[in-house]
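Just below is one structure, and these are the notes that go with it.
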There are 2 protein chains.
Amino acid sequence: MTKKNILYAQSGGVTAVINATACGVIQTARKNKNRIGKVYAGVEGIVGALTENIVDTSHESASAIQALRHTPGAAFGSARYKLRGLDESRAEYERLIEVFKAHDIGYFFYNGGNDSMDTAHKVSRMGDAMGYPISCIGVPKTVDNDLAGTDNCPGFGSVAKYIAISTQEAAIDVRSMKQTKVFILEVMGRHAGWIAASGGLAGHKPHEPPHIILFPEIPFDEKAFLRRVKQAVSRWDNCVIVVSEGVRRKNGKFLSDAGRKDAFGHTQLGGVAPVLAALIERKFGYKYHYAVVDYLQRSARHIASKTDVEQAYAVGKAAVELALEGKSGVMPVIVRQSDAPYRWKIGVEALKNVANKEKKLPRRYISRDGFGITAAGRRYLEPLIRGEDYPPYKNGLPKYVQLKLRRVPKKLRKRFLIKA
Amino acid sequence: MTKKNILYAQSGGVTAVINATACGVIQTARKNKNRIGKVYAGVEGIVGALTENIVDTSHESASAIQALRHTPGAAFGSARYKLRGLDESRAEYERLIEVFKAHDIGYFFYNGGNDSMDTAHKVSRMGDAMGYPISCIGVPKTVDNDLAGTDNCPGFGSVAKYIAISTQEAAIDVRSMKQTKVFILEVMGRHAGWIAASGGLAGHKPHEPPHIILFPEIPFDEKAFLRRVKQAVSRWDNCVIVVSEGVRRKNGKFLSDAGRKDAFGHTQLGGVAPVLAALIERKFGYKYHYAVVDYLQRSARHIASKTDVEQAYAVGKAAVELALEGKSGVMPVIVRQSDAPYRWKIGVEALKNVANKEKKLPRRYISRDGFGITAAGRRYLEPLIRGEDYPPYKNGLPKYVQLKLRRVPKKLRKRFLIKA
């Protein structure tokens, strides 16, 4: 039996630790050279797989692969490209199988979130249907932590740590400054409030910031919100707010769609923080500051969670082990064994149970008034940000690796066009 | 001779290391117990000094004082409160001297930027005029690095390191994502481009991000800017921009004053990043992201520069030593002895040479096209971000100290009202 190659692809928004998963995949495959061929990687994820733009990781040195463990972003590139149903996107699925055949791919590892798990599931079915069985393993990754079937998702712990620390540090700043009364930190999470909730780790008691967290799961109640802002400023002299970009009004409209126009009459594509700031300013005249951290939060490898790095590596390693066990249509997951002391292990879940589900922040993790996290929420979140895993530095900056990314020669005569 | 007390006050915007200076002051004073009384600190800086709201730091444990070294913000509170000329603000200067007399203050340490050095200078003159000579020492602090008389200013190195790393990490994110073409990082620096320049440390070659830096020192040239954005995207597939909040048009108007109105017709108090993003979007339709880090950049003690922490401590220590030498009207400064290897020492500058001057980013540190930094700029900046000085952690979060802040009983019968 000839050894089959792995095709590994990164999908969707990046995280501080998705490359730690790549490191786990490649190092584990190298340790099993007798049974596995090469590890190939799609350039820009599934787009590279479809267009036959593939990298051969065997040209990368052991130290470069080791450095992936501490390098943020997607080392092979990523894309938001969703394959639809088998009927609708048939040509794409067939193309993938052709590429697999041409490059002797026996294992397809898709490292992403909900959509990607659905794609991985369908690729596995298409392989069977076309008489080219392929071991399809979904590998969990998302900062949003909304992936079903796993206690938590690699990528989340590090953004949670960054947001908790940023909230803590900004709150100290606000407390220091006599004049500033309100600080607003806008964080990611279009549909789920996991990241916003992590800001809650910065304080333990009611007077400790953040004083208000706004979740996408809780419709925005302007009156109650403003009352709470006023209360915080009068009681504690300032109000620190963590707000999820996905907060909506009761009518379902995003709060960030405030209909603001610029000087030219164009609708402003602003975030939610300036909307809240303007609201507070108009009502109370408080001096405010706000921050929108955007990409920084999901790429802040300099302050990644050690727990997160270890779990990200572990799911990559487990993907190879599952493939070697002949599994397909599955995803390695993180199983929480206990909160305190925090213990976890790797488990396995069928992709069909994971695909297209969205794990929202449970109501019991949100305080009754909707503006904070509960003790249960804290018990869940806290272990995920534990431990520091600093990258090496040179001249004051982290030494992140840039791979050589040597391409595999194309074999298929037909080109495949990607719709932008 | 009775031992006189120190009054220490923190002023203006905080930094990640101003408390390291406080630590240097208090530890050095404690080591000289035979000659110095207590170290008092103004609550909210000069405001506390005027209103007789003063903290006695002798109640703080040695370990709490040591923890100041790794705690961001202003441990005693800070305020933006400018004393004017001796004639205009005579009552305030006189009040200060009264407070000094009442609490046996022999040394006044004012830890701040340009304005504060001016105030310290005037307090020293007023003490002489009122027959209560006081040793006034200015202690340098500002993230803006615009203080004259010192090679660099404590507080700047850490914000520079944070911005350089954030630029580097965001650039890796943008490079990873197929669809995103433009990333804009808005940084502080209303009048001087030092912080924006530090973003330039993230890349070494033209193709390495940031591809564009916008400085307050260079009038915004929309055409040249857009040309450069397009060039970067076509050559390198994306464009990373670091922009100072203080960038102005040729007519002197801040770029952030774009005349944007919200749905209610109120002018939006937005930043410059969304203005640039909207400009690029309208012209080219590129998908963009932007971040506004605001307070986070100056409170990011979690990734402070070791050089900065050491210098911040050193100026605090030097302030006490200068006071013990009988000096007044001076400021300890940082003197650069060589770039490579980087060597520095503490020097002394007269406050009258420092007060009310603004050290802008020299033109020779800005590249000819106005969009980047030169080799000379890099030589200046790089040593300042060197070294990491991690705080201790507990449960995933830095262990920052909150002092007891025990108040000194008031002695003056007259209250002093501060105008808001």
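Naming works like this for the structure tokens: A, B, ... for the chains as they're shown, residue 1 at the start of each chain, ligands 1 onward in shown order.
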Contact table chain B vs chain A, cut-off 6 Å, shortest pair per residue, only C-alpha atoms, as a tab-separated table:
```
residue	atom	partner	partner_atom	distance
B:Gly73	CA	A:Asp173	CA	4.9
B:Ala74	CA	A:Ser176	CA	5.1
B:Gly77	CA	A:Ser176	CA	4.3
B:Ser78	CA	A:Met177	CA	5.2
B:Ala79	CA	A:Lys178	CA	5.2
B:Glu169	CA	A:Ser299	CA	5.6
B:Ala170	CA	A:Leu296	CA	5.6
B:Ile172	CA	A:Gly73	CA	5.6
B:Asp173	CA	A:Gly73	CA	4.9
B:Ser176	CA	A:Gly77	CA	4.3
B:Met177	CA	A:Ser78	CA	5.2
B:Lys178	CA	A:Ala79	CA	5.2
B:Gly259	CA	A:Ala263	CA	5.5
B:Arg260	CA	A:Asp262	CA	4.2
B:Lys261	CA	A:Lys261	CA	5.7
B:Asp262	CA	A:Arg260	CA	4.2
B:Ala263	CA	A:Arg260	CA	5.0
B:Ala291	CA	A:Val293	CA	4.9
B:Val292	CA	A:Val292	CA	5.0
B:Val293	CA	A:Ala291	CA	5.0
B:Asp294	CA	A:Ala291	CA	5.4
B:Tyr295	CA	A:Ala170	CA	5.9
B:Leu296	CA	A:Ala170	CA	5.6
B:Ser299	CA	A:Glu169	CA	5.6
B:Ile385	CA	A:Gly396	CA	5.2
B:Arg386	CA	A:Gly396	CA	4.0
B:Gly387	CA	A:Gly396	CA	5.5
B:Asn395	CA	A:Arg386	CA	5.4
B:Gly396	CA	A:Arg386	CA	4.0
```
### Message
Taking only range 284-352 of chain B into account, list the residues labelled strand (DSSP E or B) by DSSP (computed from the backbone), as a list in words.
### Response
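In range 284-352 of chain B, DSSP puts these residues in strand (DSSP E or B): Tyr288, His289, Tyr290, Ala291, Val292, Ser305, Val330, Met331, Pro332, Val333, Ile334, Val335, Arg336, Gln337, Ser338, Arg343, Trp344, Lys345, Ile346, Gly347, Val348, Glu349 and Ala350 of chain B.
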#### Entry: For Pro409 in chain B, the nearest of the candidates B:Leu68, B:Ala102, B:Ala350, B:Ala91, counting only C-alpha atoms
B:Ala102
### Task
Please run DSSP on the backbone and report, as number ranges by chain, all residues within range 323-364 of chain B that come out as helix (DSSP H, G or I).
B: 323-324, 351-353, 363-364
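Of the listed residues B:Gly347, B:Arg90, B:Ser234, B:Lys82, the one whose atoms come nearest to Ala314 in chain B is B:Gly347, with distances taken using only C-alpha atoms.
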### Task
Determine the nearest neighbour of Lys230 in chain B from the options B:Leu351, B:Ile280, B:Val243, B:Val333, counting only C-alpha atoms.
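Smallest separation from Lys230 in chain B among the options: B:Ile280.
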### For Gly37 in chain A: contacts at 6 Å, only C-alpha atoms, fewer than 6 positions along chain excluded, given as a count of residues only
3
### Query
Which residues, written as an NGL selection string, have at least one atom at most 7 Å from range 365-381 of chain A, with only C-alpha atoms counted and residues fewer than 2 positions away on the same chain left out?
:A and (197-198 or 200-201 or 212-214 or 218 or 339 or 361-363 or 383-384)
Store the residues of this selection in a file with N, CA, C and O atoms, as a PDB file, in the first residue's frame.
```pdb
ATOM      1  N   ALA A 197     -18.354  38.177  26.825  1.00  0.00           N
ATOM      2  CA  ALA A 197     -18.411  37.599  28.175  1.00  0.00           C
ATOM      3  C   ALA A 197     -17.019  37.539  28.800  1.00  0.00           C
ATOM      4  O   ALA A 197     -16.857  37.735  30.009  1.00  0.00           O
ATOM      5  N   SER A 198     -16.013  37.273  27.977  1.00  0.00           N
ATOM      6  CA  SER A 198     -14.657  37.126  28.521  1.00  0.00           C
ATOM      7  C   SER A 198     -14.153  38.432  29.137  1.00  0.00           C
ATOM      8  O   SER A 198     -13.309  38.415  30.029  1.00  0.00           O
ATOM      9  N   GLY A 200     -15.768  40.060  31.112  1.00  0.00           N
ATOM     10  CA  GLY A 200     -16.247  39.971  32.492  1.00  0.00           C
ATOM     11  C   GLY A 200     -15.238  39.385  33.452  1.00  0.00           C
ATOM     12  O   GLY A 200     -15.343  39.564  34.669  1.00  0.00           O
ATOM     13  N   LEU A 201     -14.230  38.682  32.911  1.00  0.00           N
ATOM     14  CA  LEU A 201     -13.225  38.075  33.786  1.00  0.00           C
ATOM     15  C   LEU A 201     -12.346  39.141  34.456  1.00  0.00           C
ATOM     16  O   LEU A 201     -11.686  38.861  35.457  1.00  0.00           O
ATOM     17  N   ILE A 212     -20.702  47.036  32.690  1.00  0.00           N
ATOM     18  CA  ILE A 212     -21.769  46.627  31.757  1.00  0.00           C
ATOM     19  C   ILE A 212     -21.153  45.799  30.623  1.00  0.00           C
ATOM     20  O   ILE A 212     -20.122  46.177  30.075  1.00  0.00           O
ATOM     21  N   ILE A 213     -21.797  44.666  30.334  1.00  0.00           N
ATOM     22  CA  ILE A 213     -21.447  43.909  29.131  1.00  0.00           C
ATOM     23  C   ILE A 213     -22.710  43.832  28.275  1.00  0.00           C
ATOM     24  O   ILE A 213     -23.792  43.564  28.800  1.00  0.00           O
ATOM     25  N   LEU A 214     -22.560  44.081  26.979  1.00  0.00           N
ATOM     26  CA  LEU A 214     -23.712  43.964  26.078  1.00  0.00           C
ATOM     27  C   LEU A 214     -23.487  42.776  25.142  1.00  0.00           C
ATOM     28  O   LEU A 214     -22.486  42.721  24.424  1.00  0.00           O
ATOM     29  N   ILE A 218     -28.814  39.290  24.097  1.00  0.00           N
ATOM     30  CA  ILE A 218     -29.768  40.089  24.878  1.00  0.00           C
ATOM     31  C   ILE A 218     -30.148  41.342  24.083  1.00  0.00           C
ATOM     32  O   ILE A 218     -29.290  42.181  23.812  1.00  0.00           O
ATOM     33  N   ASP A 339     -13.772  21.504  36.286  1.00  0.00           N
ATOM     34  CA  ASP A 339     -13.506  22.951  36.284  1.00  0.00           C
ATOM     35  C   ASP A 339     -12.313  23.299  37.166  1.00  0.00           C
ATOM     36  O   ASP A 339     -11.475  24.110  36.795  1.00  0.00           O
ATOM     37  N   LEU A 361     -23.998  31.706  23.646  1.00  0.00           N
ATOM     38  CA  LEU A 361     -23.714  31.822  25.074  1.00  0.00           C
ATOM     39  C   LEU A 361     -24.993  31.448  25.831  1.00  0.00           C
ATOM     40  O   LEU A 361     -26.036  32.049  25.604  1.00  0.00           O
ATOM     41  N   PRO A 362     -24.926  30.437  26.722  1.00  0.00           N
ATOM     42  CA  PRO A 362     -26.164  30.022  27.411  1.00  0.00           C
ATOM     43  C   PRO A 362     -26.686  31.143  28.315  1.00  0.00           C
ATOM     44  O   PRO A 362     -25.888  31.880  28.906  1.00  0.00           O
ATOM     45  N   ARG A 363     -27.968  31.249  28.449  1.00  0.00           N
ATOM     46  CA  ARG A 363     -28.577  32.281  29.294  1.00  0.00           C
ATOM     47  C   ARG A 363     -28.075  32.207  30.724  1.00  0.00           C
ATOM     48  O   ARG A 363     -27.938  33.217  31.400  1.00  0.00           O
ATOM     49  N   PRO A 383     -10.738  28.979  33.140  1.00  0.00           N
ATOM     50  CA  PRO A 383      -9.625  28.065  32.811  1.00  0.00           C
ATOM     51  C   PRO A 383      -9.077  28.271  31.395  1.00  0.00           C
ATOM     52  O   PRO A 383      -7.919  27.963  31.135  1.00  0.00           O
ATOM     53  N   LEU A 384      -9.934  28.807  30.520  1.00  0.00           N
ATOM     54  CA  LEU A 384      -9.539  28.906  29.114  1.00  0.00           C
ATOM     55  C   LEU A 384      -8.498  29.995  28.856  1.00  0.00           C
ATOM     56  O   LEU A 384      -7.813  29.966  27.838  1.00  0.00           O
TER      57      LEU A 384
END
```
### Message
I want to know what sits within 9 Å of Val348 in chain A, based on only C-alpha atoms, with residues of the same chain fewer than 5 positions away left out; could you give that as a list in words?
### Response
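Contacts, with the query itself left out: Gly149, Thr150, Leu322, Val330, Met331, Pro332, Val333, Ile334 and Val335 of chain A.
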Selection from above, C-alpha atoms, as a PDB file, in the first residue's frame, can you write it?
```pdb
ATOM      1  CA  GLY A 149     -19.783  19.393  19.941  1.00  0.00           C
ATOM      2  CA  THR A 150     -16.721  20.744  21.751  1.00  0.00           C
ATOM      3  CA  LEU A 322      -7.821   9.797  13.916  1.00  0.00           C
ATOM      4  CA  VAL A 330     -15.267  13.274  12.525  1.00  0.00           C
ATOM      5  CA  MET A 331     -13.782  16.161  14.487  1.00  0.00           C
ATOM      6  CA  PRO A 332     -11.485  15.960  17.506  1.00  0.00           C
ATOM      7  CA  VAL A 333     -13.091  17.943  20.307  1.00  0.00           C
ATOM      8  CA  ILE A 334     -12.131  19.261  23.719  1.00  0.00           C
ATOM      9  CA  VAL A 335     -13.861  17.494  26.580  1.00  0.00           C
TER      10      VAL A 335
END
```
### Which residue of A:Pro341, A:Gly329, A:Gly252, A:Pro216 approaches Met117 in chain A most closely, using only C-alpha atoms
A:Gly329
### Task
Mind checking which residues fall within 12 Å of Asn251 in chain B, counting only C-alpha atoms, ignoring those fewer than 6 positions away in the same chain, and posting them as a VMD selection string?
chain B and resid 218 to 221
Next, the residues of the selection above should be written as a compact mmCIF listing (two decimals), in the first residue's frame with all heavy atoms.
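Resulting contents of part-v3.txt:
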```txt
# COMPACT_ATOMS: atom_id res chain seq x y z
N ILE B 218 3.24 65.82 8.72
CA ILE B 218 3.15 65.88 7.26
C ILE B 218 1.70 66.13 6.85
O ILE B 218 0.84 65.30 7.11
CB ILE B 218 3.62 64.54 6.63
CG1 ILE B 218 5.03 64.15 7.14
CG2 ILE B 218 3.56 64.60 5.12
CD1 ILE B 218 6.15 64.98 6.59
N PRO B 219 1.42 67.28 6.19
CA PRO B 219 0.03 67.55 5.77
C PRO B 219 -0.48 66.43 4.87
O PRO B 219 0.26 65.91 4.02
CB PRO B 219 0.15 68.86 4.99
CG PRO B 219 1.43 69.48 5.45
CD PRO B 219 2.34 68.34 5.79
N PHE B 220 -1.73 66.05 5.07
CA PHE B 220 -2.31 64.93 4.34
C PHE B 220 -2.53 65.29 2.87
O PHE B 220 -3.20 66.27 2.55
CB PHE B 220 -3.65 64.55 4.99
CG PHE B 220 -4.33 63.39 4.33
CD1 PHE B 220 -3.76 62.12 4.36
CD2 PHE B 220 -5.55 63.55 3.68
CE1 PHE B 220 -4.38 61.04 3.76
CE2 PHE B 220 -6.18 62.47 3.06
CZ PHE B 220 -5.60 61.22 3.11
N ASP B 221 -1.94 64.47 2.01
CA ASP B 221 -2.07 64.66 0.57
C ASP B 221 -2.93 63.51 0.04
O ASP B 221 -2.46 62.40 -0.18
CB ASP B 221 -0.66 64.64 -0.05
CG ASP B 221 -0.68 64.82 -1.56
OD1 ASP B 221 -1.74 64.58 -2.18
OD2 ASP B 221 0.38 65.18 -2.11
```
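The space between CA of Leu255 in chain A and CA of Glu208 in chain A spans 25.8 Å.
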### Task
Rounded to one decimal place, report the CA of Leu276 in chain B-CA of Asp257 in chain B distance in Å.
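Result for CA of Leu276 in chain B versus CA of Asp257 in chain B: 11.6 Å, one decimal.
If you measure from each of A:Val55, A:Ala355, A:Ile195, A:Val320 to Ala29 in chain A using only C-alpha atoms, the closest one turns out to be A:Val320.
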### Query
Quick one, how far is CA of Glu94 in chain B from CA of Gly131 in chain B?
11.3 Å
Distance query Gln231 in chain A at most 12 Å, only C-alpha atoms, self and fewer than 2 positions along chain excluded, as a compact mmCIF listing (two decimals) with all heavy atoms, in the first residue's frame:
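Saved result, around01.txt, follows:
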```
# COMPACT_ATOMS: atom_id res chain seq x y z
N LYS A 181 -15.16 59.52 32.21
CA LYS A 181 -16.19 58.82 32.97
C LYS A 181 -16.61 57.50 32.34
O LYS A 181 -17.11 56.61 33.04
CB LYS A 181 -17.43 59.72 33.12
CG LYS A 181 -17.20 60.98 33.94
CD LYS A 181 -16.71 60.66 35.34
CE LYS A 181 -16.30 61.90 36.10
NZ LYS A 181 -15.41 61.57 37.22
N VAL A 182 -16.47 57.39 31.04
CA VAL A 182 -16.98 56.20 30.35
C VAL A 182 -15.93 55.66 29.39
O VAL A 182 -15.30 56.42 28.66
CB VAL A 182 -18.27 56.54 29.56
CG1 VAL A 182 -18.71 55.35 28.71
CG2 VAL A 182 -19.38 56.97 30.50
N PRO A 206 -19.24 43.60 41.98
CA PRO A 206 -20.08 44.53 41.21
C PRO A 206 -19.39 45.86 40.91
O PRO A 206 -19.57 46.42 39.83
CB PRO A 206 -21.28 44.76 42.13
CG PRO A 206 -21.36 43.57 43.00
CD PRO A 206 -19.94 43.09 43.18
N HIS A 207 -18.60 46.36 41.86
CA HIS A 207 -17.97 47.66 41.61
C HIS A 207 -16.76 47.55 40.69
O HIS A 207 -16.24 48.55 40.22
CB HIS A 207 -17.56 48.33 42.93
CG HIS A 207 -16.40 47.66 43.60
ND1 HIS A 207 -16.53 46.54 44.38
CD2 HIS A 207 -15.08 47.94 43.58
CE1 HIS A 207 -15.34 46.18 44.83
NE2 HIS A 207 -14.44 47.00 44.36
N HIS A 211 -18.49 47.29 34.17
CA HIS A 211 -19.76 47.49 34.85
C HIS A 211 -20.93 47.06 33.99
O HIS A 211 -22.00 46.76 34.49
CB HIS A 211 -19.90 48.96 35.24
CG HIS A 211 -18.72 49.46 36.04
ND1 HIS A 211 -17.75 50.26 35.49
CD2 HIS A 211 -18.34 49.21 37.31
CE1 HIS A 211 -16.83 50.51 36.42
NE2 HIS A 211 -17.16 49.89 37.52
N ILE A 212 -20.70 47.04 32.69
CA ILE A 212 -21.77 46.63 31.76
C ILE A 212 -21.15 45.80 30.62
O ILE A 212 -20.12 46.18 30.08
CB ILE A 212 -22.47 47.86 31.12
CG1 ILE A 212 -23.14 48.73 32.22
CG2 ILE A 212 -23.51 47.42 30.09
CD1 ILE A 212 -23.75 50.02 31.68
N ALA A 224 -32.74 50.88 30.14
CA ALA A 224 -32.07 50.15 31.22
C ALA A 224 -30.56 50.37 31.13
O ALA A 224 -29.87 50.51 32.14
CB ALA A 224 -32.40 48.67 31.13
N PHE A 225 -30.05 50.41 29.89
CA PHE A 225 -28.62 50.63 29.68
C PHE A 225 -28.20 52.00 30.22
O PHE A 225 -27.24 52.11 30.99
CB PHE A 225 -28.30 50.52 28.18
CG PHE A 225 -26.94 51.00 27.80
CD1 PHE A 225 -25.81 50.24 28.10
CD2 PHE A 225 -26.75 52.21 27.13
CE1 PHE A 225 -24.53 50.69 27.75
CE2 PHE A 225 -25.49 52.66 26.77
CZ PHE A 225 -24.39 51.90 27.09
N LEU A 226 -28.92 53.03 29.84
CA LEU A 226 -28.55 54.39 30.28
C LEU A 226 -28.66 54.53 31.79
O LEU A 226 -27.83 55.18 32.43
CB LEU A 226 -29.42 55.43 29.56
CG LEU A 226 -29.08 55.63 28.07
CD1 LEU A 226 -30.12 56.50 27.38
CD2 LEU A 226 -27.68 56.24 27.90
N ARG A 227 -29.68 53.88 32.36
CA ARG A 227 -29.84 53.90 33.81
C ARG A 227 -28.60 53.28 34.47
O ARG A 227 -28.05 53.81 35.43
CB ARG A 227 -31.09 53.11 34.19
CG ARG A 227 -31.71 53.54 35.53
CD ARG A 227 -32.91 52.66 35.89
NE ARG A 227 -33.87 52.53 34.81
CZ ARG A 227 -34.37 51.38 34.33
NH1 ARG A 227 -33.98 50.23 34.85
NH2 ARG A 227 -35.23 51.36 33.35
N ARG A 228 -28.16 52.19 33.90
CA ARG A 228 -27.01 51.49 34.46
C ARG A 228 -25.72 52.32 34.32
O ARG A 228 -24.86 52.32 35.20
CB ARG A 228 -26.88 50.14 33.75
CG ARG A 228 -25.80 49.26 34.29
CD ARG A 228 -25.97 49.01 35.78
NE ARG A 228 -26.78 47.88 36.08
CZ ARG A 228 -26.33 46.64 36.25
NH1 ARG A 228 -25.05 46.40 36.17
NH2 ARG A 228 -27.15 45.64 36.50
N VAL A 229 -25.58 53.00 33.20
CA VAL A 229 -24.39 53.86 33.00
C VAL A 229 -24.36 54.94 34.08
O VAL A 229 -23.34 55.17 34.73
CB VAL A 229 -24.41 54.52 31.60
CG1 VAL A 229 -23.32 55.58 31.48
CG2 VAL A 229 -24.24 53.46 30.50
N VAL A 233 -21.51 55.53 37.10
CA VAL A 233 -20.73 56.77 37.23
C VAL A 233 -20.98 57.42 38.60
O VAL A 233 -20.04 57.89 39.25
CB VAL A 233 -21.06 57.76 36.09
CG1 VAL A 233 -20.39 59.11 36.32
CG2 VAL A 233 -20.60 57.17 34.75
N SER A 234 -22.22 57.39 39.07
CA SER A 234 -22.45 58.05 40.37
C SER A 234 -21.91 57.20 41.52
O SER A 234 -21.43 57.74 42.51
CB SER A 234 -23.94 58.38 40.56
OG SER A 234 -24.71 57.23 40.41
N ARG A 235 -21.97 55.89 41.40
CA ARG A 235 -21.46 55.05 42.49
C ARG A 235 -19.95 54.87 42.47
O ARG A 235 -19.30 54.88 43.49
CB ARG A 235 -22.07 53.64 42.39
CG ARG A 235 -23.47 53.58 42.93
CD ARG A 235 -23.91 52.14 43.10
NE ARG A 235 -25.36 52.10 43.23
CZ ARG A 235 -26.10 51.03 43.07
NH1 ARG A 235 -25.54 49.87 42.75
NH2 ARG A 235 -27.39 51.06 43.21
N TRP A 236 -19.42 54.63 41.27
CA TRP A 236 -18.01 54.25 41.20
C TRP A 236 -17.17 55.24 40.40
O TRP A 236 -16.03 54.97 40.06
CB TRP A 236 -17.90 52.82 40.64
CG TRP A 236 -18.72 51.86 41.45
CD1 TRP A 236 -18.63 51.66 42.80
CD2 TRP A 236 -19.78 51.02 41.00
NE1 TRP A 236 -19.57 50.74 43.21
CE2 TRP A 236 -20.28 50.33 42.13
CE3 TRP A 236 -20.35 50.76 39.74
CZ2 TRP A 236 -21.33 49.41 42.04
CZ3 TRP A 236 -21.39 49.85 39.65
CH2 TRP A 236 -21.88 49.19 40.79
N ASP A 237 -17.76 56.35 40.05
CA ASP A 237 -17.08 57.45 39.38
C ASP A 237 -16.75 57.19 37.92
O ASP A 237 -16.29 58.09 37.22
CB ASP A 237 -15.80 57.85 40.14
CG ASP A 237 -15.37 59.26 39.79
OD1 ASP A 237 -16.27 60.13 39.70
OD2 ASP A 237 -14.18 59.49 39.57
N ASN A 238 -16.96 55.97 37.46
CA ASN A 238 -16.81 55.74 36.03
C ASN A 238 -17.55 54.48 35.62
O ASN A 238 -18.00 53.72 36.48
CB ASN A 238 -15.32 55.66 35.63
CG ASN A 238 -14.62 54.48 36.26
OD1 ASN A 238 -14.91 53.32 35.95
ND2 ASN A 238 -13.69 54.75 37.17
N CYS A 239 -17.66 54.29 34.31
CA CYS A 239 -18.40 53.14 33.80
C CYS A 239 -17.62 52.52 32.65
O CYS A 239 -17.35 53.18 31.65
CB CYS A 239 -19.78 53.60 33.32
SG CYS A 239 -20.80 52.25 32.70
N VAL A 240 -17.24 51.26 32.82
CA VAL A 240 -16.51 50.54 31.78
C VAL A 240 -17.47 49.54 31.12
O VAL A 240 -18.12 48.75 31.80
CB VAL A 240 -15.28 49.81 32.36
CG1 VAL A 240 -14.60 48.96 31.30
CG2 VAL A 240 -14.30 50.82 32.95
N PHE A 284 -25.96 62.37 28.92
CA PHE A 284 -25.35 62.79 30.19
C PHE A 284 -24.19 63.78 30.03
O PHE A 284 -23.75 64.37 31.01
CB PHE A 284 -24.84 61.58 30.97
CG PHE A 284 -25.89 60.52 31.24
CD1 PHE A 284 -25.75 59.24 30.75
CD2 PHE A 284 -27.02 60.83 31.99
CE1 PHE A 284 -26.70 58.27 30.99
CE2 PHE A 284 -27.98 59.87 32.25
CZ PHE A 284 -27.83 58.58 31.74
```
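Distances from A:Asn114, A:Gln311, A:Asn53, A:Ser61 to Ser158 in chain A were compared using only C-alpha atoms, and the smallest one belongs to A:Gln311.
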